[in-house]
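Participant: You'll find upload01.pdb just under this line, and it carries PDB, C-alpha atoms, pLDDT in the B column.
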```pdb
MODEL        1
ATOM      1  CA  MET A   1       7.051   3.990  11.470  1.00 40.00           C
ATOM      2  CA  ALA A   2       6.620   1.420   8.728  1.00 44.00           C
ATOM      3  CA  GLU A   3       9.663  -0.525   7.646  1.00 44.00           C
ATOM      4  CA  PRO A   4      10.984   0.303   4.174  1.00 48.00           C
ATOM      5  CA  THR A   5       9.829  -2.092   1.520  1.00 49.00           C
ATOM      6  CA  PRO A   6      12.598  -4.621   0.856  1.00 50.00           C
ATOM      7  CA  ARG A   7      14.156  -4.768  -2.578  1.00 51.00           C
ATOM      8  CA  ARG A   8      13.237  -7.661  -4.844  1.00 51.00           C
ATOM      9  CA  ASN A   9      16.137  -9.860  -3.674  1.00 54.00           C
ATOM     10  CA  GLU A  10      15.332  -9.406   0.026  1.00 53.00           C
ATOM     11  CA  PRO A  11      12.615 -11.427   1.736  1.00 53.00           C
ATOM     12  CA  ARG A  12       9.529  -9.497   2.844  1.00 54.00           C
ATOM     13  CA  LEU A  13       8.653  -9.490   6.499  1.00 54.00           C
ATOM     14  CA  ARG A  14       5.260 -11.026   7.066  1.00 56.00           C
ATOM     15  CA  PRO A  15       3.005  -8.787   9.155  1.00 55.00           C
ATOM     16  CA  ALA A  16       0.393 -10.136  11.524  1.00 54.00           C
ATOM     17  CA  PRO A  17      -2.546 -11.556   9.623  1.00 58.00           C
ATOM     18  CA  LEU A  18      -5.588  -9.361   9.221  1.00 55.00           C
ATOM     19  CA  LEU A  19      -8.444 -11.472  10.435  1.00 57.00           C
ATOM     20  CA  PHE A  20     -11.710 -11.549   8.545  1.00 56.00           C
ATOM     21  CA  GLU A  21     -14.373  -9.311  10.044  1.00 54.00           C
ATOM     22  CA  PRO A  22     -17.896 -10.741   9.679  1.00 54.00           C
ATOM     23  CA  ALA A  23     -20.418  -8.270   8.257  1.00 59.00           C
ATOM     24  CA  GLU A  24     -22.295  -8.076  11.566  1.00 58.00           C
ATOM     25  CA  ALA A  25     -19.118  -7.156  13.454  1.00 52.00           C
ATOM     26  CA  ALA A  26     -17.965  -4.688  10.820  1.00 55.00           C
ATOM     27  CA  SER A  27     -21.285  -2.851  11.003  1.00 62.00           C
ATOM     28  CA  ASP A  28     -20.786  -2.249  14.744  1.00 64.00           C
ATOM     29  CA  PRO A  29     -18.714   0.980  15.036  1.00 66.00           C
ATOM     30  CA  GLU A  30     -17.361  -0.131  18.420  1.00 72.00           C
ATOM     31  CA  HIS A  31     -15.982  -3.396  16.976  1.00 75.00           C
ATOM     32  CA  PHE A  32     -12.512  -3.410  15.465  1.00 82.00           C
ATOM     33  CA  PHE A  33     -10.732  -6.725  14.972  1.00 82.00           C
ATOM     34  CA  ASP A  34     -11.938  -7.794  18.409  1.00 84.00           C
ATOM     35  CA  LEU A  35      -9.601  -5.298  20.121  1.00 88.00           C
ATOM     36  CA  GLU A  36     -12.428  -3.979  22.288  1.00 88.00           C
ATOM     37  CA  SER A  37     -12.689  -7.388  23.979  1.00 87.00           C
ATOM     38  CA  ILE A  38      -9.021  -7.490  25.082  1.00 91.00           C
ATOM     39  CA  GLU A  39      -8.782  -6.442  28.715  1.00 93.00           C
ATOM     40  CA  ASP A  40      -5.062  -6.902  29.392  1.00 95.00           C
ATOM     41  CA  PRO A  41      -3.343  -3.666  28.285  1.00 94.00           C
ATOM     42  CA  ARG A  42      -0.136  -5.547  27.414  1.00 97.00           C
ATOM     43  CA  GLU A  43      -2.012  -7.906  25.124  1.00 95.00           C
ATOM     44  CA  LEU A  44      -4.038  -4.994  23.703  1.00 95.00           C
ATOM     45  CA  LEU A  45      -0.878  -3.027  22.923  1.00 96.00           C
ATOM     46  CA  SER A  46       0.723  -6.076  21.330  1.00 94.00           C
ATOM     47  CA  ARG A  47      -2.253  -6.910  19.096  1.00 92.00           C
ATOM     48  CA  ALA A  48      -2.916  -3.266  18.195  1.00 92.00           C
ATOM     49  CA  THR A  49       0.749  -2.896  17.238  1.00 94.00           C
ATOM     50  CA  GLU A  50       0.559  -6.040  15.084  1.00 92.00           C
ATOM     51  CA  LEU A  51      -2.499  -4.644  13.315  1.00 91.00           C
ATOM     52  CA  THR A  52      -0.824  -1.269  12.807  1.00 93.00           C
ATOM     53  CA  GLN A  53       2.186  -2.925  11.190  1.00 93.00           C
ATOM     54  CA  ALA A  54      -0.053  -5.131   9.056  1.00 91.00           C
ATOM     55  CA  PHE A  55      -2.081  -2.149   7.817  1.00 91.00           C
ATOM     56  CA  ARG A  56       1.085  -0.191   7.046  1.00 94.00           C
ATOM     57  CA  ALA A  57       2.548  -3.122   5.120  1.00 93.00           C
ATOM     58  CA  ALA A  58      -0.733  -3.542   3.247  1.00 92.00           C
ATOM     59  CA  ALA A  59      -0.830   0.171   2.414  1.00 94.00           C
ATOM     60  CA  ASP A  60       2.782   0.081   1.190  1.00 94.00           C
ATOM     61  CA  ARG A  61       2.025  -2.871  -1.094  1.00 94.00           C
ATOM     62  CA  ALA A  62      -1.147  -1.229  -2.380  1.00 94.00           C
ATOM     63  CA  VAL A  63       0.835   1.915  -3.275  1.00 96.00           C
ATOM     64  CA  GLU A  64       3.351  -0.231  -5.162  1.00 96.00           C
ATOM     65  CA  PHE A  65       0.520  -1.797  -7.151  1.00 96.00           C
ATOM     66  CA  GLN A  66      -0.933   1.665  -7.843  1.00 97.00           C
ATOM     67  CA  ALA A  67       2.442   2.838  -9.135  1.00 97.00           C
ATOM     68  CA  VAL A  68       2.904  -0.191 -11.375  1.00 97.00           C
ATOM     69  CA  ALA A  69      -0.625   0.202 -12.753  1.00 97.00           C
ATOM     70  CA  ALA A  70      -0.016   3.910 -13.383  1.00 98.00           C
ATOM     71  CA  ALA A  71       3.219   3.113 -15.210  1.00 97.00           C
ATOM     72  CA  GLN A  72       1.496   0.464 -17.310  1.00 97.00           C
ATOM     73  CA  LEU A  73      -1.375   2.811 -18.166  1.00 97.00           C
ATOM     74  CA  ALA A  74       1.084   5.541 -19.207  1.00 97.00           C
ATOM     75  CA  ASP A  75       3.245   3.206 -21.304  1.00 96.00           C
ATOM     76  CA  PRO A  76       3.744   4.902 -24.684  1.00 94.00           C
ATOM     77  CA  ARG A  77       3.626   1.494 -26.405  1.00 95.00           C
ATOM     78  CA  ARG A  78      -0.050   1.111 -25.446  1.00 94.00           C
ATOM     79  CA  PHE A  79      -2.516   2.253 -28.065  1.00 95.00           C
ATOM     80  CA  ASP A  80      -4.885   3.194 -25.228  1.00 94.00           C
ATOM     81  CA  ARG A  81      -2.294   4.825 -22.978  1.00 96.00           C
ATOM     82  CA  LEU A  82      -3.419   7.492 -20.553  1.00 97.00           C
ATOM     83  CA  THR A  83      -1.881  10.863 -19.875  1.00 96.00           C
ATOM     84  CA  PRO A  84      -0.751  11.737 -16.346  1.00 97.00           C
ATOM     85  CA  ALA A  85      -3.807  14.012 -16.130  1.00 97.00           C
ATOM     86  CA  ASP A  86      -6.102  11.081 -16.994  1.00 97.00           C
ATOM     87  CA  ILE A  87      -4.385   8.857 -14.433  1.00 97.00           C
ATOM     88  CA  ALA A  88      -4.584  11.615 -11.812  1.00 97.00           C
ATOM     89  CA  GLU A  89      -8.307  11.994 -12.394  1.00 97.00           C
ATOM     90  CA  ARG A  90      -8.943   8.239 -12.097  1.00 96.00           C
ATOM     91  CA  ALA A  91      -6.841   7.863  -8.950  1.00 96.00           C
ATOM     92  CA  GLU A  92      -7.906  11.175  -7.388  1.00 96.00           C
ATOM     93  CA  TRP A  93      -4.322  12.454  -7.368  1.00 97.00           C
ATOM     94  CA  THR A  94      -2.763  15.681  -8.560  1.00 97.00           C
ATOM     95  CA  GLU A  95      -1.189  15.524 -11.992  1.00 97.00           C
ATOM     96  CA  ASP A  96       2.264  16.088 -10.486  1.00 97.00           C
ATOM     97  CA  TYR A  97       1.770  13.164  -8.097  1.00 97.00           C
ATOM     98  CA  ALA A  98       0.561  10.980 -10.989  1.00 97.00           C
ATOM     99  CA  LYS A  99       3.771  11.742 -12.888  1.00 97.00           C
ATOM    100  CA  LYS A 100       5.839  10.746  -9.858  1.00 97.00           C
ATOM    101  CA  MET A 101       3.825   7.574  -9.395  1.00 97.00           C
ATOM    102  CA  VAL A 102       4.319   6.656 -13.072  1.00 97.00           C
ATOM    103  CA  GLU A 103       8.068   7.060 -12.647  1.00 97.00           C
ATOM    104  CA  PHE A 104       8.021   5.127  -9.373  1.00 97.00           C
ATOM    105  CA  GLY A 105       6.092   2.332 -11.083  1.00 97.00           C
ATOM    106  CA  ARG A 106       8.631   2.242 -13.903  1.00 96.00           C
ATOM    107  CA  ASP A 107      11.422   1.978 -11.316  1.00 96.00           C
ATOM    108  CA  LEU A 108       9.597  -0.895  -9.615  1.00 96.00           C
ATOM    109  CA  MET A 109       9.073  -2.713 -12.913  1.00 95.00           C
ATOM    110  CA  ARG A 110      12.788  -2.362 -13.674  1.00 93.00           C
ATOM    111  CA  GLY A 111      13.581  -3.751 -10.227  1.00 89.00           C
ATOM    112  CA  GLU A 112      14.948  -0.467  -8.955  1.00 76.00           C
ATOM    113  CA  GLY A 113      13.951   1.163  -5.715  1.00 63.00           C
ATOM    114  CA  ASP A 114      16.605   3.791  -4.984  1.00 54.00           C
ATOM    115  CA  GLY A 115      16.076   3.140  -1.276  1.00 52.00           C
ATOM    116  CA  ARG A 116      12.633   4.765  -1.322  1.00 55.00           C
ATOM    117  CA  THR A 117       9.811   3.187   0.539  1.00 52.00           C
ATOM    118  CA  SER A 118       6.830   2.259  -1.538  1.00 51.00           C
ATOM    119  CA  ALA A 119       4.633   4.737   0.271  1.00 53.00           C
ATOM    120  CA  ASP A 120       6.959   7.598  -0.640  1.00 57.00           C
ATOM    121  CA  PRO A 121       7.335   7.900  -4.413  1.00 60.00           C
ATOM    122  CA  LEU A 122       8.516  11.477  -4.012  1.00 56.00           C
TER
ENDMDL
END
```
Could you show the structure in this file as C-alpha coordinates?

Facilitator:
Amino acid sequence: MAEPTPRRNEPRLRPAPLLFEPAEAASDPEHFFDLESIEDPRELLSRATELTQAFRAAADRAVEFQAVAAAQLADPRRFDRLTPADIAERAEWTEDYAKKMVEFGRDLMRGEGDGRTSADPL
(Lines of atoms letter the chains of each structure in order from A and count residues from 1; the text may use other names and numbers.)
(Lines give C-alpha, C1' and ligand atoms only; values in the text may rest on other atoms or scores of the structure.)
Protein backbone atom coordinates (compact mmCIF):
# COMPACT_ATOMS: atom_id res chain seq x y z
CA MET A 1 0.00 0.00 0.00
CA ALA A 2 1.30 3.46 -0.80
CA GLU A 3 2.51 5.59 2.06
CA PRO A 4 0.32 8.58 2.92
CA THR A 5 1.53 11.81 1.41
CA PRO A 6 3.46 13.76 4.05
CA ARG A 7 2.16 17.13 5.14
CA ARG A 8 3.97 20.22 3.92
CA ASN A 9 6.31 20.39 6.93
CA GLU A 10 7.39 16.75 6.63
CA PRO A 11 10.05 15.66 4.15
CA ARG A 12 8.86 13.50 1.25
CA LEU A 13 10.34 10.07 0.86
CA ARG A 14 12.13 9.74 -2.44
CA PRO A 15 11.01 6.68 -4.38
CA ALA A 16 13.30 4.74 -6.67
CA PRO A 17 14.00 6.67 -9.84
CA LEU A 18 11.97 5.79 -12.90
CA LEU A 19 14.52 5.17 -15.58
CA PHE A 20 14.00 6.52 -19.06
CA GLU A 21 12.67 3.94 -21.49
CA PRO A 22 14.00 4.40 -25.04
CA ALA A 23 11.29 4.40 -27.72
CA GLU A 24 12.51 1.08 -29.14
CA ALA A 25 12.26 -0.61 -25.74
CA ALA A 26 8.90 0.95 -24.93
CA SER A 27 7.44 -0.35 -28.19
CA ASP A 28 8.34 -3.93 -27.19
CA PRO A 29 5.39 -5.22 -25.08
CA GLU A 30 7.68 -7.69 -23.30
CA HIS A 31 10.05 -4.92 -22.14
CA PHE A 32 9.30 -3.11 -18.90
CA PHE A 33 12.06 -1.12 -17.22
CA ASP A 34 14.45 -3.97 -17.97
CA LEU A 35 12.73 -6.23 -15.41
CA GLU A 36 12.50 -9.08 -17.92
CA SER A 37 16.31 -9.29 -17.97
CA ILE A 38 16.67 -9.80 -14.19
CA GLU A 39 17.12 -13.50 -13.47
CA ASP A 40 17.64 -13.47 -9.70
CA PRO A 41 14.15 -13.54 -8.12
CA ARG A 42 15.38 -11.60 -5.07
CA GLU A 43 16.73 -8.81 -7.24
CA LEU A 44 13.59 -8.93 -9.42
CA LEU A 45 11.33 -8.61 -6.38
CA SER A 46 13.43 -5.75 -5.02
CA ARG A 47 13.45 -3.76 -8.27
CA ALA A 48 9.78 -4.46 -9.03
CA THR A 49 8.89 -3.29 -5.52
CA GLU A 50 10.94 -0.11 -6.01
CA LEU A 51 9.11 0.57 -9.27
CA THR A 52 5.73 -0.10 -7.66
CA GLN A 53 6.47 2.40 -4.90
CA ALA A 54 7.76 4.94 -7.41
CA PHE A 55 4.63 4.63 -9.57
CA ARG A 56 2.38 4.95 -6.52
CA ALA A 57 4.24 8.04 -5.34
CA ALA A 58 4.04 9.51 -8.84
CA ALA A 59 0.31 8.78 -9.03
CA ASP A 60 -0.26 10.38 -5.61
CA ARG A 61 1.58 13.53 -6.68
CA ALA A 62 -0.28 13.66 -9.98
CA VAL A 63 -3.61 13.47 -8.12
CA GLU A 64 -2.50 16.35 -5.89
CA PHE A 65 -1.72 18.43 -8.96
CA GLN A 66 -5.10 17.50 -10.48
CA ALA A 67 -6.84 18.63 -7.30
CA VAL A 68 -4.97 21.93 -7.15
CA ALA A 69 -5.70 22.59 -10.83
CA ALA A 70 -9.39 21.76 -10.29
CA ALA A 71 -9.53 24.14 -7.33
CA GLN A 72 -7.84 26.89 -9.32
CA LEU A 73 -10.20 26.38 -12.27
CA ALA A 74 -13.23 26.55 -9.96
CA ASP A 75 -12.02 29.65 -8.10
CA PRO A 76 -14.93 32.11 -8.05
CA ARG A 77 -12.47 35.02 -8.41
CA ARG A 78 -11.57 33.84 -11.93
CA PHE A 79 -13.53 35.47 -14.71
CA ASP A 80 -13.16 32.22 -16.68
CA ARG A 81 -13.90 29.85 -13.81
CA LEU A 82 -15.34 26.44 -14.59
CA THR A 83 -18.24 24.68 -12.96
CA PRO A 84 -17.70 21.26 -11.36
CA ALA A 85 -19.56 19.79 -14.35
CA ASP A 86 -17.10 21.45 -16.76
CA ILE A 87 -14.13 20.22 -14.73
CA ALA A 88 -15.62 16.72 -14.57
CA GLU A 89 -16.02 16.63 -18.33
CA ARG A 90 -12.43 17.78 -18.94
CA ALA A 91 -10.94 15.32 -16.45
CA GLU A 92 -13.32 12.46 -17.28
CA TRP A 93 -14.65 12.37 -13.71
CA THR A 94 -18.16 12.37 -12.31
CA GLU A 95 -19.44 15.75 -11.20
CA ASP A 96 -19.53 14.58 -7.58
CA TYR A 97 -15.88 13.50 -7.77
CA ALA A 98 -14.96 16.85 -9.36
CA LYS A 99 -16.56 18.67 -6.43
CA LYS A 100 -14.55 16.57 -3.98
CA MET A 101 -11.36 17.16 -5.93
CA VAL A 102 -11.99 20.93 -5.93
CA GLU A 103 -12.37 20.84 -2.16
CA PHE A 104 -9.30 18.63 -1.78
CA GLY A 105 -7.32 21.05 -3.94
CA ARG A 106 -8.47 23.97 -1.79
CA ASP A 107 -7.34 22.06 1.31
CA LEU A 108 -3.95 21.43 -0.29
CA MET A 109 -3.55 25.09 -1.25
CA ARG A 110 -4.35 26.10 2.33
CA GLY A 111 -1.76 23.61 3.57
CA GLU A 112 -4.34 21.32 5.11
CA GLY A 113 -4.51 17.60 4.56
CA ASP A 114 -6.76 16.22 7.30
CA GLY A 115 -4.67 13.04 7.26
CA ARG A 116 -6.02 12.01 3.85
CA THR A 117 -3.70 10.60 1.29
CA SER A 118 -3.53 12.49 -1.95
CA ALA A 119 -4.98 9.59 -3.87
CA ASP A 120 -8.08 9.57 -1.67
CA PRO A 121 -9.86 12.93 -1.79
CA LEU A 122 -13.04 11.29 -0.55

Participant: To verify the selection step, state as a PyMOL selection string which residues the PyMOL selection byres ((chain A and resi 65-81) around 9) yields on this input.

Facilitator: chain A and resi 60-64+82-84+87+91+98-109+118+121

Participant: Between CA of His31 (chain A) and CA of Ala48 (chain A), measure the distance and give it in Å to one decimal.

Facilitator: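 Separating CA of His31 (chain A) from CA of Ala48 (chain A) is a distance of 13.1 Å.
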
Participant: If I take CA of Leu35 (chain A) and CA of Leu51 (chain A), how far is one from the other in Å, to one decimal?

Facilitator: 9.9 Å

Participant: Figure out the distance between CA of Glu36 (chain A) and CA of Thr52 (chain A), please, to one decimal in Å.

Facilitator: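 Value for the CA of Thr52 (chain A)-CA of Glu36 (chain A) distance: 15.2 Å.
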
Participant: Could you please fill out region 67-79 of chain A with N, CA and C atoms and send it back as a CSV table (one decimal), in the frame of the given file?

Facilitator:
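Output file result13.csv is given in full below:
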```csv
chain,number,residue,atom,x,y,z
A,67,ALA,N,1.4,2.3,-8.3
A,67,ALA,CA,2.4,2.8,-9.1
A,67,ALA,C,2.7,2.0,-10.4
A,68,VAL,N,2.7,0.7,-10.2
A,68,VAL,CA,2.9,-0.2,-11.4
A,68,VAL,C,1.8,0.0,-12.4
A,69,ALA,N,0.5,0.0,-11.9
A,69,ALA,CA,-0.6,0.2,-12.8
A,69,ALA,C,-0.5,1.5,-13.5
A,70,ALA,N,-0.2,2.6,-12.8
A,70,ALA,CA,0.0,3.9,-13.4
A,70,ALA,C,1.0,3.9,-14.5
A,71,ALA,N,2.2,3.2,-14.2
A,71,ALA,CA,3.2,3.1,-15.2
A,71,ALA,C,2.7,2.3,-16.4
A,72,GLN,N,2.0,1.3,-16.2
A,72,GLN,CA,1.5,0.5,-17.3
A,72,GLN,C,0.5,1.3,-18.1
A,73,LEU,N,-0.4,2.0,-17.5
A,73,LEU,CA,-1.4,2.8,-18.2
A,73,LEU,C,-0.7,3.9,-19.0
A,74,ALA,N,0.4,4.4,-18.5
A,74,ALA,CA,1.1,5.5,-19.2
A,74,ALA,C,2.1,5.1,-20.2
A,75,ASP,N,2.2,3.8,-20.4
A,75,ASP,CA,3.2,3.2,-21.3
A,75,ASP,C,3.0,3.7,-22.7
A,76,PRO,N,4.0,4.4,-23.3
A,76,PRO,CA,3.7,4.9,-24.7
A,76,PRO,C,3.5,3.8,-25.7
A,77,ARG,N,3.8,2.6,-25.4
A,77,ARG,CA,3.6,1.5,-26.4
A,77,ARG,C,2.2,1.0,-26.5
A,78,ARG,N,1.4,1.5,-25.5
A,78,ARG,CA,0.0,1.1,-25.4
A,78,ARG,C,-0.8,2.0,-26.4
A,79,PHE,N,-1.7,1.4,-27.2
A,79,PHE,CA,-2.5,2.3,-28.1
A,79,PHE,C,-3.5,3.0,-27.3
```
